[in-house]
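The structure file my_file-v7.cif is reproduced below (mmCIF, C-alpha atoms).
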data_input
#
loop_
_atom_site.label_atom_id
_atom_site.label_comp_id
_atom_site.auth_asym_id
_atom_site.auth_seq_id
_atom_site.Cartn_x
_atom_site.Cartn_y
_atom_site.Cartn_z
CA LYS N 1 13.07 2.11 9.53
CA GLN N 2 11.08 0.01 7.05
CA ASP N 3 7.51 -1.06 7.64
CA LEU N 4 7.68 -4.87 7.82
CA PRO N 5 4.20 -6.46 8.15
CA ILE N 6 3.71 -9.35 10.57
CA LYS N 7 1.54 -12.23 9.33
CA VAL N 8 0.03 -15.11 11.29
CA ASP N 9 -0.14 -18.20 9.07
CA VAL N 10 -1.83 -21.46 10.03
CA VAL N 11 1.03 -23.52 8.65
CA ARG N 12 4.12 -21.34 9.16
CA GLY N 13 3.02 -19.59 12.33
CA VAL N 14 4.09 -15.99 12.98
CA THR N 15 6.22 -14.61 10.15
CA VAL N 16 7.66 -11.19 9.26
CA GLU N 17 7.63 -10.35 5.58
CA GLY N 18 10.80 -8.81 4.17
CA LEU N 19 13.26 -10.32 6.65
CA THR N 20 16.31 -12.26 5.49
CA SER N 21 16.69 -15.84 6.73
CA ILE N 22 20.34 -16.78 7.26
CA PRO N 23 21.24 -20.48 7.61
CA ILE N 24 23.71 -21.38 10.38
CA THR N 25 25.35 -24.68 11.31
CA THR N 26 27.71 -23.79 14.17
CA VAL N 27 27.59 -21.93 17.45
CA ASP N 28 30.16 -19.40 16.21
CA SER N 29 27.99 -18.50 13.22
CA MET N 30 25.02 -18.08 15.56
CA VAL N 31 27.03 -15.72 17.79
CA GLY N 32 28.07 -13.78 14.69
CA ILE N 33 24.42 -13.31 13.67
CA ILE N 34 23.53 -12.13 17.18
CA GLU N 35 26.40 -9.61 17.09
CA LEU N 36 25.21 -8.43 13.67
CA ALA N 37 21.70 -7.93 15.02
CA ALA N 38 23.04 -6.07 18.05
CA GLY N 39 25.05 -3.80 15.74
CA ASN N 40 21.85 -2.88 13.87
CA ARG N 41 20.05 -1.96 17.08
CA MET N 42 18.97 1.64 17.60
CA ILE N 43 21.00 3.22 20.42
CA GLY N 44 20.81 6.87 21.41
CA VAL N 45 21.80 9.35 24.07
CA SER N 46 19.18 10.56 26.51
CA SER N 47 19.33 12.76 29.59
CA HIS N 48 19.28 9.61 31.73
CA ASN N 49 21.69 7.32 29.90
CA ASN N 50 24.54 7.88 27.45
CA HIS N 51 24.00 4.47 25.84
CA SER N 52 20.24 4.08 25.93
CA SER N 53 18.60 1.30 23.92
CA ARG N 54 15.93 2.93 21.78
CA SER N 55 14.47 -0.31 20.42
CA HIS N 56 13.84 -3.91 21.37
CA LEU N 57 16.17 -6.61 20.06
CA ILE N 58 14.70 -9.96 18.94
CA VAL N 59 16.80 -12.78 17.48
CA THR N 60 14.74 -15.75 16.29
CA LEU N 61 16.34 -19.16 15.77
CA ASN N 62 14.39 -21.75 13.79
CA LEU N 63 15.85 -25.14 14.67
CA HIS N 64 15.49 -28.30 12.57
CA GLY N 65 16.75 -31.77 13.37
CA GLU N 66 16.49 -35.29 12.08
CA LYS N 67 17.04 -38.66 13.70
CA HIS N 68 18.91 -40.77 11.18
CA SER N 69 17.90 -44.09 12.73
CA ASN N 70 14.20 -43.70 11.97
CA GLY N 71 14.10 -40.58 9.74
CA LYS N 72 11.91 -38.60 12.11
CA LYS N 73 12.27 -34.85 11.89
CA TRP N 74 11.66 -32.26 14.59
CA TYR N 75 11.67 -28.52 14.68
CA GLY N 76 11.49 -25.70 17.18
CA LYS N 77 11.73 -21.93 17.55
CA LEU N 78 13.77 -19.94 20.04
CA HIS N 79 13.32 -16.20 20.61
CA LEU N 80 16.18 -14.32 22.25
CA VAL N 81 14.65 -11.02 23.36
CA ASP N 82 16.36 -8.01 24.89
CA LEU N 83 13.68 -5.52 25.84
CA ALA N 84 14.44 -1.82 25.99
CA GLY N 85 13.90 -0.46 29.49
CA SER N 86 10.82 1.55 30.31
CA GLU N 87 11.48 5.23 30.82
CA ARG N 88 9.26 7.93 32.21
CA VAL N 89 8.68 10.73 29.73
CA PRO N 90 9.62 13.46 32.29
CA LYS N 91 13.13 11.98 32.36
CA ALA N 92 13.34 12.39 28.61
CA VAL N 93 12.22 16.02 28.62
CA GLY N 94 15.80 17.21 28.44
CA SER N 95 16.41 14.95 25.43
CA ALA N 96 15.70 15.52 21.79
CA PHE N 97 12.18 15.19 20.44
CA ASP N 98 13.08 11.86 18.79
CA ARG N 99 14.14 10.42 22.15
CA ILE N 100 10.81 11.41 23.69
CA GLU N 101 8.83 9.77 20.86
CA GLU N 102 10.97 6.63 21.13
CA ALA N 103 10.31 6.45 24.86
CA LYS N 104 6.56 6.65 24.20
CA HIS N 105 6.70 3.78 21.68
CA ILE N 106 8.85 1.65 24.01
CA ASN N 107 6.48 2.19 26.93
CA LYS N 108 3.47 1.44 24.72
CA SER N 109 4.88 -1.92 23.59
CA LEU N 110 5.89 -2.83 27.17
CA THR N 111 2.39 -1.99 28.35
CA ALA N 112 0.95 -4.29 25.66
CA LEU N 113 3.30 -7.07 26.82
CA HIS N 114 2.19 -6.47 30.41
CA ASP N 115 -1.46 -6.77 29.31
CA VAL N 116 -0.70 -10.10 27.61
CA PHE N 117 0.99 -11.43 30.76
CA THR N 118 -1.99 -10.26 32.84
CA SER N 119 -4.47 -12.06 30.56
CA LEU N 120 -2.38 -15.25 30.62
CA SER N 121 -2.01 -15.18 34.41
CA HIS N 122 -5.79 -14.78 34.82
CA LYS N 123 -6.40 -17.51 32.20
CA GLU N 124 -8.66 -15.22 30.20
CA LYS N 125 -10.15 -16.47 26.93
CA HIS N 126 -9.03 -13.43 24.96
CA VAL N 127 -5.34 -12.50 25.02
CA PRO N 128 -4.58 -9.12 23.34
CA TYR N 129 -1.62 -10.26 21.24
CA ARG N 130 -2.50 -7.84 18.42
CA ASN N 131 -2.16 -4.69 20.52
CA SER N 132 1.55 -4.45 19.67
CA ARG N 133 3.97 -5.78 17.09
CA LEU N 134 6.15 -7.03 19.93
CA THR N 135 3.39 -9.26 21.31
CA MET N 136 2.30 -10.36 17.83
CA LEU N 137 5.85 -11.49 17.05
CA LEU N 138 6.12 -13.42 20.34
CA GLN N 139 2.60 -14.85 20.13
CA ASP N 140 3.59 -18.42 19.29
CA SER N 141 6.15 -18.41 22.13
CA LEU N 142 3.72 -17.10 24.77
CA ALA N 143 1.04 -19.74 24.29
CA GLY N 144 0.70 -23.46 23.79
CA ASN N 145 3.67 -25.78 24.25
CA SER N 146 6.18 -23.06 25.07
CA LYS N 147 8.60 -22.18 27.81
CA VAL N 148 9.55 -18.63 28.81
CA LEU N 149 12.58 -17.57 30.80
CA MET N 150 12.62 -13.94 31.93
CA VAL N 151 15.63 -12.14 33.38
CA VAL N 152 15.04 -8.73 34.96
CA THR N 153 17.85 -6.20 35.25
CA ALA N 154 17.07 -3.72 38.04
CA SER N 155 18.77 -0.41 38.66
CA PRO N 156 20.20 0.20 42.16
CA LEU N 157 19.54 3.95 41.98
CA ALA N 158 16.82 5.39 44.19
CA GLU N 159 15.57 7.65 41.43
CA ASP N 160 14.79 4.52 39.34
CA ALA N 161 12.72 2.88 42.08
CA LYS N 162 9.46 3.28 40.18
CA GLU N 163 10.81 1.57 37.03
CA THR N 164 12.45 -1.17 39.13
CA LEU N 165 9.21 -1.87 41.00
CA SER N 166 7.29 -2.01 37.71
CA SER N 167 9.78 -4.49 36.23
CA LEU N 168 9.70 -6.72 39.32
CA THR N 169 5.89 -6.67 39.32
CA MET N 170 5.88 -7.82 35.72
CA ALA N 171 8.42 -10.58 36.51
CA LYS N 172 6.26 -11.80 39.41
CA ARG N 173 3.23 -11.94 37.16
CA VAL N 174 5.20 -13.82 34.48
CA LYS N 175 6.31 -16.36 37.09
CA SER N 176 2.68 -17.14 37.93
CA ILE N 177 1.82 -18.01 34.33
CA THR N 178 1.51 -21.68 33.35
CA LEU N 179 1.91 -22.16 29.61
CA GLY N 180 2.29 -25.93 29.57
CA GLY N 181 5.50 -27.88 29.27
CA ALA N 182 7.68 -27.33 26.25
CA LYS N 183 7.42 -30.33 23.96
CA ARG N 184 9.46 -31.51 21.04
CA GLU N 185 7.57 -30.88 17.83
CA VAL N 186 7.98 -34.04 15.78
CA GLU N 187 7.18 -33.73 12.12
CA ASN N 188 3.90 -35.39 11.24
CA LYS N 189 3.48 -36.95 7.79
CA GLU N 190 -0.14 -35.88 7.59
CA TYR N 191 0.79 -32.35 8.64
CA THR N 192 3.61 -32.31 6.08
CA ALA N 193 1.22 -33.43 3.34
CA ILE N 194 -1.27 -30.72 4.28
CA SER N 195 1.52 -28.13 4.37
CA GLU N 196 2.81 -29.16 0.93
CA GLN N 197 -0.72 -29.14 -0.46
CA HIS N 198 -1.23 -25.69 1.03
CA GLU N 199 1.99 -24.39 -0.53
CA LYS N 200 1.03 -25.89 -3.89
CA ARG N 201 -2.39 -24.27 -3.74
CA VAL N 202 -0.81 -20.91 -2.84
CA GLU N 203 1.55 -21.18 -5.82
CA GLU N 204 -1.35 -22.04 -8.15
CA LEU N 205 -3.29 -19.03 -6.90
CA ARG N 206 -0.26 -16.79 -7.39
CA GLN N 207 0.09 -17.98 -10.98
CA ARG N 208 -3.62 -17.50 -11.55
CA ILE N 209 -3.41 -13.98 -10.14
CA GLY N 210 -0.49 -13.28 -12.49
CA VAL N 211 -2.53 -14.47 -15.50
CA LEU N 212 -5.54 -12.38 -14.44
CA GLU N 213 -3.34 -9.31 -13.94
CA THR N 214 -1.88 -9.78 -17.43
CA GLN N 215 -5.37 -10.13 -18.93
CA LEU N 216 -6.51 -7.05 -17.04
CA ARG N 217 -3.56 -5.01 -18.30
CA ASN N 218 -4.24 -6.14 -21.89
CA ALA N 219 -7.95 -5.31 -21.55
CA LEU N 220 -7.19 -1.88 -20.12
CA GLY N 221 -4.69 -1.25 -22.92
CA ALA N 222 -7.23 -2.27 -25.58
CA ALA N 223 -9.92 -0.14 -23.96
CA LYS N 224 -7.59 2.85 -23.88
CA ALA N 225 -6.64 2.32 -27.54
CA THR N 226 -10.33 2.09 -28.48
CA ALA N 227 -11.11 5.24 -26.53
CA ASP N 228 -8.21 7.04 -28.23
CA ASP N 229 -9.41 5.91 -31.68
CA ARG N 230 -12.95 7.03 -30.89
CA THR N 231 -11.69 10.40 -29.71
CA LYS N 232 -9.58 10.72 -32.85
CA MET N 233 -12.57 9.86 -35.09
CA GLN N 234 -14.78 12.29 -33.24
CA THR N 235 -12.14 14.95 -33.69
CA GLN N 236 -11.89 14.21 -37.41
CA ASP N 237 -15.69 14.20 -37.80
CA GLY N 238 -15.87 17.51 -35.99
CA ARG N 239 -13.28 19.01 -38.32
CA LEU N 240 -15.16 17.73 -41.38
CA ARG N 241 -18.43 19.21 -40.13
CA LEU N 242 -16.74 22.54 -39.49
CA GLU N 243 -15.22 22.49 -42.98
CA GLU N 244 -18.59 21.67 -44.62
CA ARG N 245 -20.28 24.40 -42.62
CA ARG N 246 -17.64 26.91 -43.71
CA LYS N 247 -18.05 25.94 -47.36
CA TRP N 248 -21.84 26.14 -47.10
CA ARG N 249 -21.57 29.61 -45.54
CA GLU N 250 -19.22 30.78 -48.30
CA GLU N 251 -21.53 29.36 -51.00
CA LYS N 252 -24.52 31.11 -49.43
CA GLU N 253 -22.68 34.42 -49.34
CA ARG N 254 -21.63 33.95 -52.98
CA LEU N 255 -25.21 33.23 -54.09
CA GLU N 256 -26.57 36.21 -52.15
CA ALA N 257 -23.96 38.47 -53.74
CA ALA N 258 -24.81 37.08 -57.22
CA LYS N 259 -28.53 37.61 -56.55
CA LYS N 260 -27.91 41.18 -55.46
CA GLU N 261 -25.78 41.84 -58.51
CA ALA N 262 -28.45 40.33 -60.82
CA GLU N 263 -31.16 42.49 -59.25
CA GLU N 264 -29.02 45.60 -59.69
CA ARG N 265 -28.38 44.72 -63.34
CA ALA N 266 -32.09 44.03 -63.92
CA ALA N 267 -32.99 47.43 -62.47
CA SER N 268 -30.38 49.09 -64.67
CA TYR N 269 -31.67 47.28 -67.81
CA LYS N 270 -35.23 48.28 -66.95
CA SER N 271 -34.25 51.96 -66.61
CA GLN N 272 -32.38 51.90 -69.92
CA LEU N 273 -35.35 50.24 -71.62
CA VAL N 274 -37.75 52.92 -70.33
CA ARG N 275 -35.48 55.71 -71.66
CA ALA N 276 -35.08 53.98 -74.99
CA SER N 277 -38.85 53.52 -75.38
CA ALA N 278 -39.46 57.19 -74.67
CA SER N 279 -37.03 58.32 -77.38
CA VAL N 280 -38.75 56.36 -80.23
CA LEU N 281 -42.45 57.38 -79.65
CA PRO N 282 -44.36 58.90 -82.89
CA PHE N 283 -45.08 62.70 -83.18
CA ASP N 284 -48.62 63.82 -82.11
CA PRO N 285 -49.82 66.96 -84.08
CA ARG N 286 -52.20 67.84 -81.31
CA GLU N 287 -49.38 68.52 -79.00
CA PRO N 288 -47.74 71.91 -79.39
CA PRO N 289 -44.19 71.78 -80.64
CA ALA N 290 -41.50 72.04 -78.13
CA PRO N 291 -40.07 75.53 -77.90
#

Can the structure in the file be given as structure tokens, please?
Amino acid sequence: KQDLPIKVDVVRGVTVEGLTSIPITTVDSMVGIIELAAGNRMIGVSSHNNHSSRSHLIVTLNLHGEKHSNGKKWYGKLHLVDLAGSERVPKAVGSAFDRIEEAKHINKSLTALHDVFTSLSHKEKHVPYRNSRLTMLLQDSLAGNSKVLMVVTASPLAEDAKETLSSLTMAKRVKSITLGGAKREVENKEYTAISEQHEKRVEELRQRIGVLETQLRNALGAAKATADDRTKMQTQDGRLRLEERRKWREEKERLEAAKKEAEERAASYKSQLVRASASVLPFDPREPPAP
């Protein structure tokens, strides 16, 4: 169910990230691992088969040996592959939607494998290994110094004639492929030195990446703190400006009110002064007396 990426490394070959490597030393332990893998295989019920394999099964054995007389080491890889059978979608119509989708994926990967066998049989320069995860995983065992043994299980039923013919056609094409004889891969000191140097360089780069990531996190944290301080200062400055503006407005209103009150008092004093001046003027005999 998990998405496990497949990587092609110059030194390690084809690898699947996230898989667990289990060391074994006896045949019984190897059989136990194969049984464990078979127990994890997806099996479902379809309209055609009550125990239908809904996924491919691949068990990879990485073998290492050493000759004690001269110290030479050798290694090899063995893929044990049980392919799910191809199934026409019309046969899966009566099944659940998941069964139909699984049949499509199975047929797609088998088609990609067929395309690889076709390219190898025609000795084409480009072999489409990357068209499927199945062919990517088997890439180092389908080229170079490899040997492939294919066993085809055919159904005797007449209604399966089309699938049987397709499987036999693929087997015939596989038989015509010449990959080159399987050879023992003896460990080379120069290759080992290059591999160790490569691993050391990878580890140095990982450490360097870790240091750069730490520096980046610290820089981002400092930048965020600076931005927060700047925002806080801007907020405080804005509050101070608002407070000063409010005080200035209040002072202006107070001065205008004082000015208005002073003008009103000045007008009142002026009126009182005019009345007082009129009451103290001298008597003029030319004017007739008031009645």

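Of the listed residues N:Ala193, N:Leu78, N:Val8, N:Leu255, the one whose atoms come nearest to Lys147 of chain N is N:Leu78, with distances taken using only C-alpha atoms.
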
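Taking atom CA of Ala112 of chain N as the reference point, atom CA of Ser132 of chain N is found at 6.0 Å.
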
Find the residues near Leu149 of chain N: any atom within 12 Å, counting all atoms listed in the file, skip ones fewer than 4 places away on the same chain, and give them as a PDB file with C-alpha atoms, keeping the file's coordinate frame.
ATOM      1  CA  LEU N  78      13.770 -19.940  20.040  1.00  0.00           C
ATOM      2  CA  HIS N  79      13.320 -16.200  20.610  1.00  0.00           C
ATOM      3  CA  LEU N  80      16.180 -14.320  22.250  1.00  0.00           C
ATOM      4  CA  VAL N  81      14.650 -11.020  23.360  1.00  0.00           C
ATOM      5  CA  ASP N  82      16.360  -8.010  24.890  1.00  0.00           C
ATOM      6  CA  SER N 141       6.150 -18.410  22.130  1.00  0.00           C
ATOM      7  CA  LEU N 142       3.720 -17.100  24.770  1.00  0.00           C
ATOM      8  CA  ALA N 171       8.420 -10.580  36.510  1.00  0.00           C
ATOM      9  CA  VAL N 174       5.200 -13.820  34.480  1.00  0.00           C
ATOM     10  CA  LYS N 175       6.310 -16.360  37.090  1.00  0.00           C
ATOM     11  CA  ILE N 177       1.820 -18.010  34.330  1.00  0.00           C
ATOM     12  CA  LEU N 179       1.910 -22.160  29.610  1.00  0.00           C
ATOM     13  CA  ALA N 182       7.680 -27.330  26.250  1.00  0.00           C
TER      14      ALA N 182
END

Q: Go through N:Gly39, N:Asn131, N:His122, N:Val274 and flag the residue nearest Ser176 of chain N, using only C-alpha atoms for the distances.
A: N:His122

Q. What is the distance, in Å and to one decimal place, between atom CA of Ala84 of chain N and atom CA of Thr178 of chain N?
A. 24.8 Å

Q: Go ahead and compute the interatomic distance for atom CA of Leu110 of chain N and atom CA of Lys125 of chain N, in Å to one decimal.
A: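 If I compute the distance from atom CA of Leu110 of chain N to atom CA of Lys125 of chain N, I get 21.1 Å.
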
Q | Resolved residues for the PyMOL selection byres ((chain N and resi 75) around 6) as a list in words | A | Leu63, His64, Trp74, Gly76 and Glu185 of chain N

(Q) Excluding Ile24 of chain N and its own-chain neighbours fewer than 6 positions away, which residues fall within 10 Å of it when counting only C-alpha atoms? Please give them as a VMD selection string. (A) chain N and resid 30 to 33 61 to 63

**Q.** Target residues per the PyMOL selection byres ((chain N and resi 117) around 8), formatted as a VMD selection string
**A.** chain N and resid 113 to 116 118 to 121 170 173 to 174 177

Q.
Between N:Thr15, N:Thr153, N:His56, N:Ser69, which residue has the minimum interatomic distance to Met136 of chain N, considering all atoms listed in the file?
A.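 The shortest atom-to-atom distance to Met136 of chain N comes from N:Thr15.
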
**Q.** Surrounding residues of Val152 of chain N excluding itself and chain neighbours under 2 positions, 7 Å, all atoms listed in the file, as a count of residues only
**A.** 3

With 6 Å on each side, where is the centre of the axis-aligned box around all listed atoms of segment 54-60 of chain N, and how long are its edges in Å to one decimal, as AutoDock Vina command-line options?
--center_x 15.3 --center_y -6.4 --center_z 19.0 --size_x 15.0 --size_y 30.7 --size_z 17.5

(Q) Selection in question (the file shown): the PyMOL selection byres ((chain N and resi 4) around 8). Which residues does it include, as a PyMOL selection string? (A) chain N and resi 2-3+5-6+16-19

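Candidate residues N:Leu165, N:Leu212, N:Ala267, N:Ile58 were compared for distance to Leu138 of chain N, and the nearest is N:Ile58, using all atoms listed in the file.
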